[in-house]
Amino acid sequence: VDVARRRVGIDGMMAMRRLSFFAVLTSLLTGLSAPAWADGARNWGLGFQDPATPVMAQIKDFHDLLLIIITLITLFVLGLLIYVMFRFSEKRNPTPSKTTHNTLIEVLWTVIPIVILVFIAIPSFKLLYFTDVAEDADLTVKAIGKQWYWSYEYPDNGNFTFDAFPLDDEDAPEGARLLATDNPLVLPVDTRIRFIVTAGDVLHNFAVPAFGIKMDGVPGRLNETWAMVPAEHTGKTFYGQCSELCGTGHSYMPIEIRLVSKEDYAEWVKTAQEEFARVDDPANRVRVAEVEEAE
Ligand SMILES: [Cu+2]
């Protein structure tokens with residue numbers, strides 16, 4: 001609670017800046033390319049959102065592999081059950097068998113599942129480590145979950161920070177109710193982006209389905225993952241949501257990400273540096289001191 005209260009100074013200032021910045025950002029982005037929905041929930045939709053990163057492409061492939069394995073196992077077990085019900089029914093076996101052991105079958109039903117699990121574990125661990133820490137990232141973005149909005153920091157581009165709140169229903173684009181935000185996260189394509197995820201109060205979760213990211217934000221801890229979106233997705237908008245129940249406003253802290261070309265990103269950074277507060281702005285420190293004094 002204390003930490004949250006101390007942020008009030010910065011957040012209040014951000015609220016004022018947010019309005020003017022949104023106007024600039026909208027004109028900038030609509031002038032460059034009309035933002036397009038990448039993918040999202042549809043009536044009668046089935047399966048994942050279209051993968052936008054190599055990580056999500058691999059998650060989808062792994063899911064499809066598991067679906068085949070699990071379907072074969074389920075059909076095999078169902079077949080066995082039907083066979084047993086038929087072959088060993090009371091009608092066909094007036095005198096029940098007294099068999100208790102069959103060494104061969106016991107060895108088989110131990111060894112075969114182990115082989116199947118190892119077959120699943122190898123690609124599973126490969127994928128797990130593929131999603132892990134990006135040592136050679138070109139850009140770092142920090143996402144901080146708070147009750148109930150996301151704050152973002154760009155330490156590589158002047159250390160500016162801003163907050164993202166959902167747009168009112170009437171302002172949100174078609175199909176993006178409770179997904180569109182006043183300050184989208186703007187990211188460049190073809191760039192290895194390191195996401196550092198944490199939280200300022202309680203557990204949150206930074207989840208972007210098309211990126212294959214679902215990373216817990218834990219107070220006092222930095223979690224890390226990465227994404228790299230190919231240039232074919234330039235101009236697209238991706239949506240995500242907080243995915244760890246964090247209180248009454250949990251469903252009102254969406255994540256909106258706009259993918260732009262590297263040139264447009266550089267332009268946006270210039271505007272953002274002017275419009276947004278710096279994380280280490282001395283003015284913010286004064287405000288924190290004022291809040292503490294007031295207490
Ligand atoms: Cu939440």
# chains A, B, ... in the order shown; residues from 1 in each chain; ligands from 1

call {"tool": "residues_around", "arguments": {"residues": "A:Met215", "least_positions_apart": "6", "cutoff": "10 Å", "atoms": "only C-alpha atoms", "output": "MDAnalysis selection string"}}
result
chainID A and resid 195:198 204:208 223:225 242:244

call {"tool": "write_last_selection", "arguments": {"atoms": "N, CA and C atoms", "output": "PDB file, in the first residue's frame"}}
result
ATOM      1  N   PHE A 195      11.747  -8.570 -22.465  1.00  0.00           N
ATOM      2  CA  PHE A 195      10.709  -8.076 -21.561  1.00  0.00           C
ATOM      3  C   PHE A 195      11.119  -8.410 -20.133  1.00  0.00           C
ATOM      4  N   ILE A 196      11.169  -7.388 -19.300  1.00  0.00           N
ATOM      5  CA  ILE A 196      11.359  -7.620 -17.871  1.00  0.00           C
ATOM      6  C   ILE A 196      10.003  -7.366 -17.223  1.00  0.00           C
ATOM      7  N   VAL A 197       9.497  -8.367 -16.507  1.00  0.00           N
ATOM      8  CA  VAL A 197       8.155  -8.271 -15.948  1.00  0.00           C
ATOM      9  C   VAL A 197       8.229  -8.295 -14.427  1.00  0.00           C
ATOM     10  N   THR A 198       7.543  -7.330 -13.813  1.00  0.00           N
ATOM     11  CA  THR A 198       7.475  -7.316 -12.358  1.00  0.00           C
ATOM     12  C   THR A 198       6.137  -6.685 -11.949  1.00  0.00           C
ATOM     13  N   HIS A 204       0.656 -10.050 -10.747  1.00  0.00           N
ATOM     14  CA  HIS A 204      -0.018  -9.818 -12.024  1.00  0.00           C
ATOM     15  C   HIS A 204       0.616 -10.780 -13.030  1.00  0.00           C
ATOM     16  N   ASN A 205       0.123 -10.726 -14.278  1.00  0.00           N
ATOM     17  CA  ASN A 205       0.738 -11.574 -15.300  1.00  0.00           C
ATOM     18  C   ASN A 205       0.662 -10.890 -16.654  1.00  0.00           C
ATOM     19  N   PHE A 206       1.830 -10.733 -17.270  1.00  0.00           N
ATOM     20  CA  PHE A 206       1.934 -10.067 -18.567  1.00  0.00           C
ATOM     21  C   PHE A 206       1.769 -11.127 -19.650  1.00  0.00           C
ATOM     22  N   ALA A 207       0.594 -11.156 -20.280  1.00  0.00           N
ATOM     23  CA  ALA A 207       0.289 -12.230 -21.223  1.00  0.00           C
ATOM     24  C   ALA A 207      -0.098 -11.664 -22.581  1.00  0.00           C
ATOM     25  N   VAL A 208       0.629 -12.067 -23.615  1.00  0.00           N
ATOM     26  CA  VAL A 208       0.338 -11.659 -24.994  1.00  0.00           C
ATOM     27  C   VAL A 208       0.281 -12.938 -25.829  1.00  0.00           C
ATOM     28  N   ASN A 223      11.179 -11.015 -13.654  1.00  0.00           N
ATOM     29  CA  ASN A 223      11.095 -12.158 -14.556  1.00  0.00           C
ATOM     30  C   ASN A 223      11.437 -11.683 -15.958  1.00  0.00           C
ATOM     31  N   GLU A 224      11.960 -12.586 -16.757  1.00  0.00           N
ATOM     32  CA  GLU A 224      12.458 -12.151 -18.049  1.00  0.00           C
ATOM     33  C   GLU A 224      12.048 -13.112 -19.160  1.00  0.00           C
ATOM     34  N   THR A 225      11.661 -12.546 -20.294  1.00  0.00           N
ATOM     35  CA  THR A 225      11.439 -13.349 -21.494  1.00  0.00           C
ATOM     36  C   THR A 225      11.706 -12.446 -22.689  1.00  0.00           C
ATOM     37  N   CYS A 242      -3.934  -8.963 -18.446  1.00  0.00           N
ATOM     38  CA  CYS A 242      -3.380  -9.469 -17.196  1.00  0.00           C
ATOM     39  C   CYS A 242      -3.975 -10.859 -16.981  1.00  0.00           C
ATOM     40  N   SER A 243      -3.139 -11.828 -16.670  1.00  0.00           N
ATOM     41  CA  SER A 243      -3.631 -13.200 -16.580  1.00  0.00           C
ATOM     42  C   SER A 243      -3.335 -13.833 -15.226  1.00  0.00           C
ATOM     43  N   GLU A 244      -3.262 -13.000 -14.195  1.00  0.00           N
ATOM     44  CA  GLU A 244      -3.176 -13.524 -12.833  1.00  0.00           C
ATOM     45  C   GLU A 244      -4.165 -12.698 -12.024  1.00  0.00           C
TER      46      GLU A 244
END

call {"tool": "select_by_dssp", "arguments": {"residues": "stretch 96-190 of chain A", "states": "strand (DSSP E)", "output": "list in words"}}
result
Leu139, Thr140, Val141, Lys142, Ala143, Ile144, Gly145, Lys146, Tyr149, Trp150, Ser151, Tyr152, Glu153, Tyr154, Phe160, Thr161, Phe162, Asp163, Ala164, Leu185, Val186, Leu187 and Pro188 of chain A

call {"tool": "residues_near_ligand", "arguments": {"ligand": "ligand 1", "cutoff": "9 Å", "atoms": "only C-alpha atoms and all ligand atoms", "output": "PyMOL selection string"}}
result
chain A and resi 145-149+202-206+241-253

call {"tool": "closest_atom_pairs", "arguments": {"of": "stretch 36-127 of chain A", "to": "stretch 179-184 of chain A", "cutoff": "12 Å", "atoms": "only C-alpha atoms", "output": "CSV"}}
result
residue,atom,partner,partner_atom,distance
A:Trp37,CA,A:Ala180,CA,10.6
A:Gly40,CA,A:Leu179,CA,10.1
A:Ala41,CA,A:Leu179,CA,11.2

call {"tool": "closest_residue", "arguments": {"among": "A:Phe165, A:Phe160, A:Trp226, A:Trp150", "to": "A:Phe276", "atoms": "only C-alpha atoms"}}
result
A:Phe160

call {"tool": "residues_around", "arguments": {"residues": "A:Tyr152", "least_positions_apart": "4", "cutoff": "7 Å", "atoms": "only C-alpha atoms", "output": "PyMOL selection string"}}
result
chain A and resi 141-144+161-163

call {"tool": "closest_residue", "arguments": {"among": "A:Pro173, A:Pro219, A:Pro54, A:Pro123", "to": "A:Thr237", "atoms": "only C-alpha atoms"}}
result
A:Pro173

call {"tool": "atom_distance", "arguments": {"atom1": "atom CA of A:Gln273", "atom2": "atom CA of A:Leu185"}}
result
13.9 Å

call {"tool": "closest_residue", "arguments": {"among": "A:Ile68, A:Ala52, A:Leu75, A:Ala227", "to": "A:Ala134", "atoms": "only C-alpha atoms"}}
result
A:Ala227

call {"tool": "select_by_dssp", "arguments": {"residues": "stretch 82-115 of chain A", "states": "alpha helix (DSSP H)", "output": "PyMOL selection string"}}
result
chain A and resi 82-87+103-115

call {"tool": "closest_residue", "arguments": {"among": "A:Ile82, A:Met228, A:Ile116, A:Ala272", "to": "A:Thr131", "atoms": "only C-alpha atoms"}}
result
A:Met228

call {"tool": "atom_distance", "arguments": {"atom1": "atom CA of A:Ile59", "atom2": "atom CA of A:Glu256"}}
result
21.4 Å

call {"tool": "closest_residue", "arguments": {"among": "A:Arg194, A:Pro166, A:Glu274, A:Ile114", "to": "A:Ile255", "atoms": "only C-alpha atoms"}}
result
A:Pro166
